[in-house]
Amino acid sequence: MLGGTFDPIHHGHLRSAIELREALGLDHVRLIPCHQPPHREAPGVSSEERLAMLEVAIAGEPGLMADDRELFREGPSYSADTLASLRAEYGPQARLVMAIGHDAFLKLGEWHAAERLFDDAHVVVIERPDHDAPLPPALEVLIAGREVETVQALMARPGGQLLRLSLPTRMAISATFVRERLALGDSVRYLLPETVIRHIEAHDLYRPQSE
Ligand code: ATP
């Protein structure tokens with residue numbers, strides 16, 4: 001699972017998903033748009049539109065799947081609930097991984113039912129350029145005794161462990177940067193797939209702010 005607001009999806013997400021799948025030897029990576037982010041303001045673009053951009057971005061890419069399950073749940077979209085539903089679907093023996101960027105990881109100790117995340121899955125932290133702050137104490141407590149050093153050790157169990165991964169391509173692209181450029185009417189070419197850029201234009205999303 002790679003969850004996010006995907007507001008909009010960009011090449012940082014997409015390369016991470018592909019390289020994560022390769023590094024861990026995963027059957028597939030489910031990209032799961034967050035319907036109601038619990039820890040940030042509601043995105044300006046609807047969940048349905050964010051899902052639609054994700055779908056056009058990954059079209060034809062085997063191993064990447066758009067998963068819309070959070071759109072059907074009322075209330076804040078807690079990852080603990082999403083992982084519980086994936087665990088129920090795949091059964092107790094399947095190896096499940098929740099991947100998050102280092103910026104999101106730093107706040108993991110504040111997440112709803114953070115302990116439950118490890119009941120249902122492993123957590124894999126993807127290093128991100130410009131995001132290398134030290135871990136807050138609450139996070140140190142949450143992850144104590146869970147960290148493993150190798151993919152092999154991680155995949156020996158169905159869940160409950162933590163691995164930090166430095167993937168081959170680390171891109172300093174963020175959705176915030178993409179939104180800022182779109183708001184200014186500046187080019188976002190090569191930051192995200194052309195299909196997503198065309199979707200944004202066709203649906204008049206992230207319209208440049210008038211002066
Ligand atoms: P925003 O700038 O709006 O906060 P974002 O670019 O961080 O957005 P999200 O949708 O919030 O994107 O991110 C979903 C997940 O993908 C998070 O775990 C985040 O850390 C990770 N992620 C986002 N961009 C990158 C990147 N360039 N490299 C690696 N991981 C990333």
# chains A, B, ... in the order shown; residues from 1 in each chain; ligands from 1

$ select_by_dssp --residues "range 106-203 of chain A" --states "strand (DSSP E or B)" --output "number ranges by chain"
A: 122-126, 128, 131, 147, 162-165, 189, 192

$ residues_around --residues "Ser16 in chain A" --least-positions-apart "6" --cutoff "10 Å" --atoms "only C-alpha atoms" --output "JSON, numbers by chain"
{"A": [2, 22, 99, 100, 101, 126, 127, 128, 166, 167, 168, 169, 170, 171]}

$ write_last_selection --atoms "N, CA and C atoms" --output "PDB file, in the first residue's frame"
ATOM      1  N   LEU A   2       0.586   2.123  -0.950  1.00  0.00           N
ATOM      2  CA  LEU A   2       1.170   3.468  -0.901  1.00  0.00           C
ATOM      3  C   LEU A   2      -0.015   4.420  -0.876  1.00  0.00           C
ATOM      4  N   GLU A  22      10.010  -3.449  -7.008  1.00  0.00           N
ATOM      5  CA  GLU A  22      11.210  -4.193  -7.403  1.00  0.00           C
ATOM      6  C   GLU A  22      12.078  -4.540  -6.195  1.00  0.00           C
ATOM      7  N   ALA A  99       3.958   1.548   2.707  1.00  0.00           N
ATOM      8  CA  ALA A  99       5.129   2.378   2.399  1.00  0.00           C
ATOM      9  C   ALA A  99       4.771   3.841   2.633  1.00  0.00           C
ATOM     10  N   ILE A 100       5.686   4.560   3.267  1.00  0.00           N
ATOM     11  CA  ILE A 100       5.488   5.998   3.461  1.00  0.00           C
ATOM     12  C   ILE A 100       6.816   6.730   3.262  1.00  0.00           C
ATOM     13  N   GLY A 101       6.731   7.955   2.815  1.00  0.00           N
ATOM     14  CA  GLY A 101       7.930   8.775   2.683  1.00  0.00           C
ATOM     15  C   GLY A 101       8.420   9.208   4.069  1.00  0.00           C
ATOM     16  N   ILE A 126      10.446   5.312   2.913  1.00  0.00           N
ATOM     17  CA  ILE A 126      11.209   5.681   1.715  1.00  0.00           C
ATOM     18  C   ILE A 126      11.921   7.005   1.983  1.00  0.00           C
ATOM     19  N   GLU A 127      13.245   6.976   1.860  1.00  0.00           N
ATOM     20  CA  GLU A 127      14.004   8.214   2.056  1.00  0.00           C
ATOM     21  C   GLU A 127      13.617   9.209   0.971  1.00  0.00           C
ATOM     22  N   ARG A 128      13.564  10.487   1.340  1.00  0.00           N
ATOM     23  CA  ARG A 128      13.159  11.546   0.406  1.00  0.00           C
ATOM     24  C   ARG A 128      14.133  12.697   0.511  1.00  0.00           C
ATOM     25  N   SER A 166      16.426   3.171   0.863  1.00  0.00           N
ATOM     26  CA  SER A 166      16.870   4.250   0.008  1.00  0.00           C
ATOM     27  C   SER A 166      16.727   3.728  -1.417  1.00  0.00           C
ATOM     28  N   LEU A 167      15.699   4.160  -2.100  1.00  0.00           N
ATOM     29  CA  LEU A 167      15.436   3.662  -3.456  1.00  0.00           C
ATOM     30  C   LEU A 167      16.385   4.343  -4.444  1.00  0.00           C
ATOM     31  N   PRO A 168      16.610   3.721  -5.618  1.00  0.00           N
ATOM     32  CA  PRO A 168      17.598   4.278  -6.562  1.00  0.00           C
ATOM     33  C   PRO A 168      17.305   5.715  -6.990  1.00  0.00           C
ATOM     34  N   THR A 169      16.040   6.024  -7.270  1.00  0.00           N
ATOM     35  CA  THR A 169      15.715   7.371  -7.747  1.00  0.00           C
ATOM     36  C   THR A 169      15.052   8.150  -6.625  1.00  0.00           C
ATOM     37  N   ARG A 170      15.715   9.135  -6.115  1.00  0.00           N
ATOM     38  CA  ARG A 170      15.080   9.972  -5.089  1.00  0.00           C
ATOM     39  C   ARG A 170      14.795  11.326  -5.726  1.00  0.00           C
ATOM     40  N   MET A 171      13.514  11.616  -5.849  1.00  0.00           N
ATOM     41  CA  MET A 171      13.138  12.851  -6.553  1.00  0.00           C
ATOM     42  C   MET A 171      12.608  13.875  -5.578  1.00  0.00           C
TER      43      MET A 171
END

$ residues_near_ligand --ligand "ligand 1" --cutoff "9 Å" --atoms "only C-alpha atoms and all ligand atoms" --output "JSON, numbers by chain"
{"A": [2, 3, 4, 5, 6, 7, 8, 9, 10, 11, 12, 13, 14, 15, 16, 17, 31, 33, 34, 40, 43, 99, 100, 101, 102, 103, 104, 105, 125, 126, 127, 128, 129, 167, 169, 170, 171, 172, 173, 174, 175, 176, 177, 178, 179]}

$ residues_around --residues "Trp111 in chain A" --least-positions-apart "5" --cutoff "12 Å" --atoms "only C-alpha atoms" --output "ChimeraX atom specification"
/A:37-40,76-81,104-106,116-117,138-139,142

$ closest_residue --among "A:Val123, A:Leu20, A:Leu26, A:Leu54" --to "Ile200 in chain A" --atoms "only C-alpha atoms"
A:Leu54

$ closest_residue --among "A:Leu162, A:Leu86, A:Leu24, A:Leu51" --to "Asp120 in chain A" --atoms "only C-alpha atoms"
A:Leu86

$ select_by_dssp --residues "range 38-207 of chain A" --states "helix (DSSP H, G or I)" --output "PyMOL selection string"
chain A and resi 47-58+69-72+79-90+102-105+108-110+114-120+137-143+151-155+175-184+194-202

$ atom_distance --atom1 "CA of Met53 in chain A" --atom2 "CA of Val196 in chain A"
5.6 Å

$ residues_around --residues "range 57-70 of chain A" --least-positions-apart "6" --cutoff "6 Å" --atoms "only C-alpha atoms" --output "PDB file with N, CA and C atoms, in the first residue's frame"
ATOM      1  N   HIS A  28       2.238  -6.659  -6.195  1.00  0.00           N
ATOM      2  CA  HIS A  28       1.759  -5.385  -6.733  1.00  0.00           C
ATOM      3  C   HIS A  28       1.807  -4.307  -5.656  1.00  0.00           C
ATOM      4  N   VAL A  29       1.708  -3.070  -6.110  1.00  0.00           N
ATOM      5  CA  VAL A  29       1.616  -1.927  -5.184  1.00  0.00           C
ATOM      6  C   VAL A  29       0.248  -1.288  -5.418  1.00  0.00           C
ATOM      7  N   ARG A  30      -0.498  -1.170  -4.341  1.00  0.00           N
ATOM      8  CA  ARG A  30      -1.805  -0.513  -4.413  1.00  0.00           C
ATOM      9  C   ARG A  30      -1.636   0.943  -4.018  1.00  0.00           C
ATOM     10  N   LEU A  31      -1.962   1.827  -4.938  1.00  0.00           N
ATOM     11  CA  LEU A  31      -1.935   3.260  -4.628  1.00  0.00           C
ATOM     12  C   LEU A  31      -3.342   3.632  -4.162  1.00  0.00           C
ATOM     13  N   ILE A  32      -3.433   4.134  -2.940  1.00  0.00           N
ATOM     14  CA  ILE A  32      -4.757   4.310  -2.312  1.00  0.00           C
ATOM     15  C   ILE A  32      -4.976   5.781  -1.969  1.00  0.00           C
ATOM     16  N   HIS A  35      -9.452   9.688   1.148  1.00  0.00           N
ATOM     17  CA  HIS A  35     -10.711  10.408   0.915  1.00  0.00           C
ATOM     18  C   HIS A  35     -10.786  11.650   1.801  1.00  0.00           C
ATOM     19  N   VAL A 196      -1.605  12.919 -17.073  1.00  0.00           N
ATOM     20  CA  VAL A 196      -2.193  13.622 -15.916  1.00  0.00           C
ATOM     21  C   VAL A 196      -2.300  15.119 -16.228  1.00  0.00           C
TER      22      VAL A 196
END

$ atom_distance --atom1 "CA of Arg198 in chain A" --atom2 "CA of Arg21 in chain A"
27.0 Å

$ residues_around --residues "Gly91 in chain A" --least-positions-apart "5" --cutoff "12 Å" --atoms "only C-alpha atoms" --output "count of residues only"
9

$ atom_distance --atom1 "CA of Gly145 in chain A" --atom2 "CA of Ala94 in chain A"
21.6 Å

$ closest_residue --among "A:Gly185, A:Glu115, A:Leu165, A:Asp27" --to "Leu205 in chain A" --atoms "only C-alpha atoms"
A:Gly185
